[in-house]
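Engineer: My questions will all concern the structure given below.
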Amino acid sequence: MKKVDVVLGLQWGDEGKGKVVDVLTPDYKVIARFQGGPNAGHSLVFDGDGFVLHTVPSGIFRKDSVNIIGNGVVIDPVILQDEIEAIEAKGVDITGKLLISKKAHLILPTHRMLDAASETAKGKGKIGSTLKGIGPTYMDKTGRNGLRVGDILSEDFIQRYEALKYKHYGILSQYKFPFDITDYEVKWFSAVESMKRFTFIDSEFAVNRYLDNDVPILAEGAQGAMLDIDFGTYPFVTSSNTMTAGVCTGLGVAPNRVGKVMGIFKAYCTRVGSGPFPTELFDADGERLRQIGREYGATTGRPRRCGWLDLVALKYAVMMNGVSELIMMKADVMNNFDTIKVATAYKIGNETVGDFPYECPNDVEPVYREFPGWKSDITGVRKYEDFPEKFKQYVDFIEKETGCPIRIISVGPDRKEIVLR
């Protein structure tokens with residue numbers, strides 16, 4: 001019996017999931033997104049050309065693939081339409097390759113306004129939202145007020161839309177937040193009409209029938225484990241379950257139908273927006289990581305905060321996700337560092353802890369293990385035995401500490417710049 005394999009990020013997002021899914025998809029017929037929304041930005045580079053996906057699964061450029069937007073995803077029709085048009089401009093026939101769950105929720109124009117109003121009201125305590133309306137949409141979902149993709153085909157869709165919109169107006173009036181959705185609303189309804197050319201499915205039945213027929217499926221996560229609504233650095237998290245458990249609720253598969261879990265991490269750490277980041281660097285090394293790694297948000301363009309690899313957080317994410325193998329990204333960014341550090345514990349007050357804490361206070365002090373840099377260009381390496389010994393020592397240490405093998409190492413942005421072990 002086939003099982004759903006999972007690929008997800010183990011840090012604070014931006015680990016390089018798009019490239020990995022694109023690399024893995026030749027082994028899978030179906031690629032399915034199970035949570036998140038257009039706050040995700042999955043970057044692909046192939047044949048020297050770059051592309052960023054926000055809602056569409058990262059297998060869309062692979063021939064004969066089936067790409068499912070699952071019920072756990074929230075969709076802004078305008079952003080989805082823009083993305084589809086950009087994909088089609090590349091010569092990809094997407095209509096028969098993209099299936100959308102009827103149970104996926106819709107992001108309304110007023111959800112975006114609620115997001116902006118709420119974030120503005122927080123002032124210095126803001127979370128760092130991408131302002132795409134993700135949080136308010138999930139709030140309406142759990143509050144049992146939301147509109148779903150399947151509702152688009154209902155005769156009373158407009159009336160239900162208007163009812164929810166005016167409910168949002170009432171909330172917005174409390175913020176005294178100026179807004180105008182007129183232009184965006186026109187685009188939104190146009191995009192909703194455009195969505196009707198795609199097949200809306202009961203994705204839970206579709207996914208399970210694919211499995212029953214031994215069709216291999218890859219579930220693609222968005223954001224990262226440390227942004228999980230339950231187990232991330234709350235409240236500086238996203239609004240969905242980014243862990244492996246989210247596959248079950250976001251696609252409609254039983255836990256015993258989850259197979260291999262592939263966890264992606266950068267050879268260092270980054271974070272966008274507010275929230276704890278124990279290994280963050282404010283020195284020249286942090287700026288070098290940002291510049292060499294081009295660490296700017298694929299969705300927002302915001303500069304990412306950069307720091308050394310955090311094994312406390314990584315081991316926590318490995319445990320929570322049941323990771324069976326690791327994928328290391330962007331090791332090449334550290335080609336020319338004299339010394340590379342890895343946090344193995346935290347010092348909080350007079351106590352040294354190895355478990356990720358309930359709260360990370362501002363004065364948490366990482367306990368570092370230092371490694372000599374490999375001081376050579378590894379971008380051309382295609383076989384593990386050809387890596388410099390100092391790099392292999394770094395890899396071996398991470399494998400030993402996490403208890404997971406590193407099966408793929410990325411040494412550049414292109415889909416061809418990988419080393420398979």
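In the structure tokens, each chain is lettered A, B, ... as it comes, each chain's residues begin at 1, and ligands are numbered from 1 in order of appearance.
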Extract, using only C-alpha atoms, all DNA, RNA and protein residues at most 10 Å from Val92 in chain A, discarding same-chain residues fewer than 4 positions from it, and format them as a VMD selection string.
Structural biologist: chain A and resid 60 to 63 84 to 88 97
Engineer: Go through range 176-249 of chain A and collect every residue that DSSP, computed from the backbone, puts in helix (DSSP H, G or I); the answer should be as a ChimeraX atom specification.
Structural biologist: /A:182-195,203-212,225-227,245-249
Engineer: Separation of CA of Ala219 in chain A and CA of Lys416 in chain A, in Å?
Structural biologist: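 Those two atoms sit 21.8 Å apart.
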Engineer: Please, which residues of range 171-383 of chain A, numbered as in this document, come out strand (DSSP E) from DSSP, as number ranges by chain?
Structural biologist: A: 199-201, 217-220, 258-266, 269-271, 305-307, 309-310, 325-329, 339-348, 351-353, 365-372
Engineer: Any idea what's packed within 9 Å of Asp14 in chain A, counting only C-alpha atoms, ignoring anything in its chain fewer than 6 positions away? Could you give it as an NGL selection string?
Structural biologist: :A and (40-43 or 222-224 or 265-266 or 270-272 or 295 or 297-298)
Engineer: If you measure from CA of Met334 in chain A to CA of Glu370 in chain A, what distance in Å do you get, rounded to one decimal?
Structural biologist: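 Separation of CA of Met334 in chain A and CA of Glu370 in chain A: 13.6 Å.
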Engineer: When distances are computed from only C-alpha atoms, which of A:Val30, A:Ala117, A:Val207, A:Val7 shows the smallest separation from His168 in chain A?
Structural biologist: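 Going through A:Val30, A:Ala117, A:Val207, A:Val7 one by one, the smallest distance to His168 in chain A is for A:Ala117.
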Engineer: Restrict the calculation to only C-alpha atoms, then for each residue of range 230-290 of chain A with any atom at most 9 Å from an atom of range 129-136 of chain A give the closest atom pair and their distance in Å to one decimal, rows by chain and rising residue number, as a tab-separated table.
Structural biologist:
residue	atom	partner	partner_atom	distance
A:Phe236	CA	A:Ser129	CA	9.0
A:Thr238	CA	A:Gly135	CA	7.4
A:Ser239	CA	A:Gly135	CA	5.5
A:Ser240	CA	A:Gly135	CA	8.6
A:Gly273	CA	A:Ser129	CA	7.2
A:Ser274	CA	A:Ser129	CA	8.8
Engineer: So which one's closest to Asp355 in chain A, A:Arg369, A:Lys196, A:Arg407, A:Lys315? Using only C-alpha atoms, please.
Structural biologist: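 Closest to Asp355 in chain A, using only C-alpha atoms: A:Lys315.
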Engineer: Could you please determine the separation between CA of Asn71 in chain A and CA of Val215 in chain A in Å, to one decimal place?
Structural biologist: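 Going from CA of Asn71 in chain A over to CA of Val215 in chain A, I get 19.7 Å.
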Engineer: Have a look at A:Asn145, A:Thr55, A:Ser118, A:Asn208 and name the one nearest to Tyr175 in chain A; count only C-alpha atoms.
Structural biologist: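 Closest to Tyr175 in chain A, using only C-alpha atoms: A:Ser118.
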Engineer: Got a sec: who's within 12 Å of Asp82 in chain A, counting only C-alpha atoms, leaving out chain neighbours fewer than 2 positions off, as a VMD selection string?
Structural biologist: chain A and resid 38 52 to 56 76 to 80 84 to 89 187 to 188 190 to 192 194 to 195
Engineer: Those residues with C-alpha atoms, as a JSON list (two decimals), in the first residue's frame please?
Structural biologist:
[["chain", "number", "residue", "atom", "x", "y", "z"],
["A", 38, "PRO", "CA", 0.12, 32.95, -0.45],
["A", 52, "VAL", "CA", 8.40, 31.88, -7.31],
["A", 53, "LEU", "CA", 5.27, 29.89, -6.47],
["A", 54, "HIS", "CA", 2.88, 31.04, -3.74],
["A", 55, "THR", "CA", -0.15, 28.74, -3.86],
["A", 56, "VAL", "CA", 0.40, 26.26, -6.71],
["A", 76, "ASP", "CA", -6.59, 34.37, -2.58],
["A", 77, "PRO", "CA", -8.12, 34.06, -6.08],
["A", 78, "VAL", "CA", -6.32, 37.21, -7.30],
["A", 79, "ILE", "CA", -2.89, 35.94, -6.30],
["A", 80, "LEU", "CA", -3.70, 32.49, -7.66],
["A", 84, "ILE", "CA", -1.37, 30.83, -13.05],
["A", 85, "GLU", "CA", -0.95, 33.46, -15.77],
["A", 86, "ALA", "CA", 2.79, 33.65, -15.06],
["A", 87, "ILE", "CA", 3.10, 29.85, -15.25],
["A", 88, "GLU", "CA", 1.16, 29.73, -18.52],
["A", 89, "ALA", "CA", 3.42, 32.45, -19.91],
["A", 187, "LYS", "CA", -10.20, 41.79, -9.48],
["A", 188, "TRP", "CA", -11.29, 39.23, -6.88],
["A", 190, "SER", "CA", -12.90, 38.24, -11.94],
["A", 191, "ALA", "CA", -10.35, 35.82, -10.52],
["A", 192, "VAL", "CA", -13.10, 33.72, -8.93],
["A", 194, "SER", "CA", -11.31, 32.33, -13.78],
["A", 195, "MET", "CA", -10.97, 29.62, -11.12]]
Engineer: List every residue of range 71-125 of chain A that has an atom at most 10 Å from any atom of range 179-183 of chain A, giving for each one its closest atom pair and the distance in Å to one decimal, counting only C-alpha atoms, sorted by chain and then by ascending residue number, as a Markdown table.
Structural biologist:
| residue | atom | partner | partner_atom | distance |
| --- | --- | --- | --- | --- |
| A:Leu108 | CA | A:Ile181 | CA | 9.9 |
| A:Pro109 | CA | A:Ile181 | CA | 6.3 |
| A:Thr110 | CA | A:Ile181 | CA | 7.1 |
| A:Arg112 | CA | A:Ile181 | CA | 9.3 |
| A:Met113 | CA | A:Phe179 | CA | 6.9 |
| A:Leu114 | CA | A:Phe179 | CA | 9.7 |
| A:Ala116 | CA | A:Phe179 | CA | 9.6 |
| A:Ala117 | CA | A:Phe179 | CA | 9.1 |
Engineer: Could you check the closest approach to Gly322 in chain A for each of A:Ile94, A:Ile229, A:Met243, A:Leu281 and tell me which residue wins, using only C-alpha atoms?
Structural biologist: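 Under the stated criterion, the closest residue is A:Met243.
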Engineer: I'd like to know which of A:Leu311, A:Cys404, A:Val342, A:Val333 is closest to Ser376 in chain A, using only C-alpha atoms.
Structural biologist: A:Val333
Engineer: Neighbouring residues of range 141-144 of chain A were defined as those with any atom within 10 Å, considering only C-alpha atoms; residues of the same chain fewer than 4 positions away were excluded. Please report them as JSON, numbers by chain.
Structural biologist: {"A": [74, 104, 105, 106, 135, 136, 137, 148]}
Engineer: Could those selected residues go to a file with N, CA and C atoms, as a PDB file, in the first residue's frame?
Structural biologist:
ATOM      1  N   VAL A  74      -5.361  28.070   2.299  1.00  0.00           N
ATOM      2  CA  VAL A  74      -6.268  29.203   2.089  1.00  0.00           C
ATOM      3  C   VAL A  74      -5.827  29.923   0.815  1.00  0.00           C
ATOM      4  N   ALA A 104     -10.996  23.925   0.526  1.00  0.00           N
ATOM      5  CA  ALA A 104     -10.018  24.998   0.790  1.00  0.00           C
ATOM      6  C   ALA A 104     -10.761  26.317   0.969  1.00  0.00           C
ATOM      7  N   HIS A 105     -10.331  27.111   1.929  1.00  0.00           N
ATOM      8  CA  HIS A 105     -11.021  28.366   2.228  1.00  0.00           C
ATOM      9  C   HIS A 105     -10.505  29.522   1.371  1.00  0.00           C
ATOM     10  N   LEU A 106     -11.395  30.479   1.136  1.00  0.00           N
ATOM     11  CA  LEU A 106     -11.083  31.645   0.304  1.00  0.00           C
ATOM     12  C   LEU A 106     -10.698  32.844   1.165  1.00  0.00           C
ATOM     13  N   GLY A 135      -4.154  34.968   8.461  1.00  0.00           N
ATOM     14  CA  GLY A 135      -4.652  34.787   9.821  1.00  0.00           C
ATOM     15  C   GLY A 135      -6.156  34.988   9.934  1.00  0.00           C
ATOM     16  N   PRO A 136      -6.696  36.130   9.449  1.00  0.00           N
ATOM     17  CA  PRO A 136      -8.143  36.328   9.520  1.00  0.00           C
ATOM     18  C   PRO A 136      -8.950  35.255   8.789  1.00  0.00           C
ATOM     19  N   THR A 137      -8.409  34.703   7.712  1.00  0.00           N
ATOM     20  CA  THR A 137      -9.118  33.644   6.993  1.00  0.00           C
ATOM     21  C   THR A 137      -9.191  32.374   7.832  1.00  0.00           C
ATOM     22  N   ARG A 148     -15.716  28.707   1.229  1.00  0.00           N
ATOM     23  CA  ARG A 148     -14.819  27.705   0.669  1.00  0.00           C
ATOM     24  C   ARG A 148     -14.911  27.676  -0.856  1.00  0.00           C
TER      25      ARG A 148
END
Engineer: Return the single residue from A:Ala206, A:Asn336, A:Glu401, A:Gln393 that is closest to Gly354 in chain A, with distances computed using only C-alpha atoms.
Structural biologist: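 Among the listed residues, A:Glu401 lies closest to Gly354 in chain A.
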Engineer: Show which residues sit within 10 Å of Ser203 in chain A, as a PDB file with C-alpha atoms, in the first residue's frame. Count only C-alpha atoms, and ignore same-chain residues fewer than 3 positions away.
Structural biologist:
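Contents of selection-v8.pdb, as written:
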ATOM      1  CA  ALA A  32      -0.128  18.248  -2.923  1.00  0.00           C
ATOM      2  CA  ILE A  68      -3.440  19.397  -5.718  1.00  0.00           C
ATOM      3  CA  ILE A  69      -4.202  22.436  -3.583  1.00  0.00           C
ATOM      4  CA  GLY A  70      -5.484  20.699  -0.465  1.00  0.00           C
ATOM      5  CA  ASN A  71      -8.277  21.584   1.926  1.00  0.00           C
ATOM      6  CA  LEU A  99      -6.849  20.332  -8.972  1.00  0.00           C
ATOM      7  CA  ILE A 100      -8.332  22.441  -6.168  1.00  0.00           C
ATOM      8  CA  SER A 101     -10.018  21.120  -3.044  1.00  0.00           C
ATOM      9  CA  LYS A 102     -13.616  22.232  -2.592  1.00  0.00           C
ATOM     10  CA  LYS A 103     -12.901  22.511   1.131  1.00  0.00           C
ATOM     11  CA  ALA A 104     -10.018  24.998   0.790  1.00  0.00           C
ATOM     12  CA  PHE A 200     -12.776  21.414  -7.920  1.00  0.00           C
ATOM     13  CA  ALA A 206      -8.913  11.824  -4.549  1.00  0.00           C
ATOM     14  CA  VAL A 207      -5.775  11.467  -2.428  1.00  0.00           C
ATOM     15  CA  ASN A 208      -6.870   8.199  -0.838  1.00  0.00           C
ATOM     16  CA  ARG A 209      -7.911   6.722  -4.192  1.00  0.00           C
ATOM     17  CA  GLY A 250      -4.800  19.303   5.389  1.00  0.00           C
ATOM     18  CA  LEU A 251      -5.249  16.494   2.864  1.00  0.00           C
ATOM     19  CA  GLY A 252      -7.560  14.042   4.598  1.00  0.00           C
ATOM     20  CA  VAL A 253      -5.238  11.080   5.074  1.00  0.00           C
TER      21      VAL A 253
END
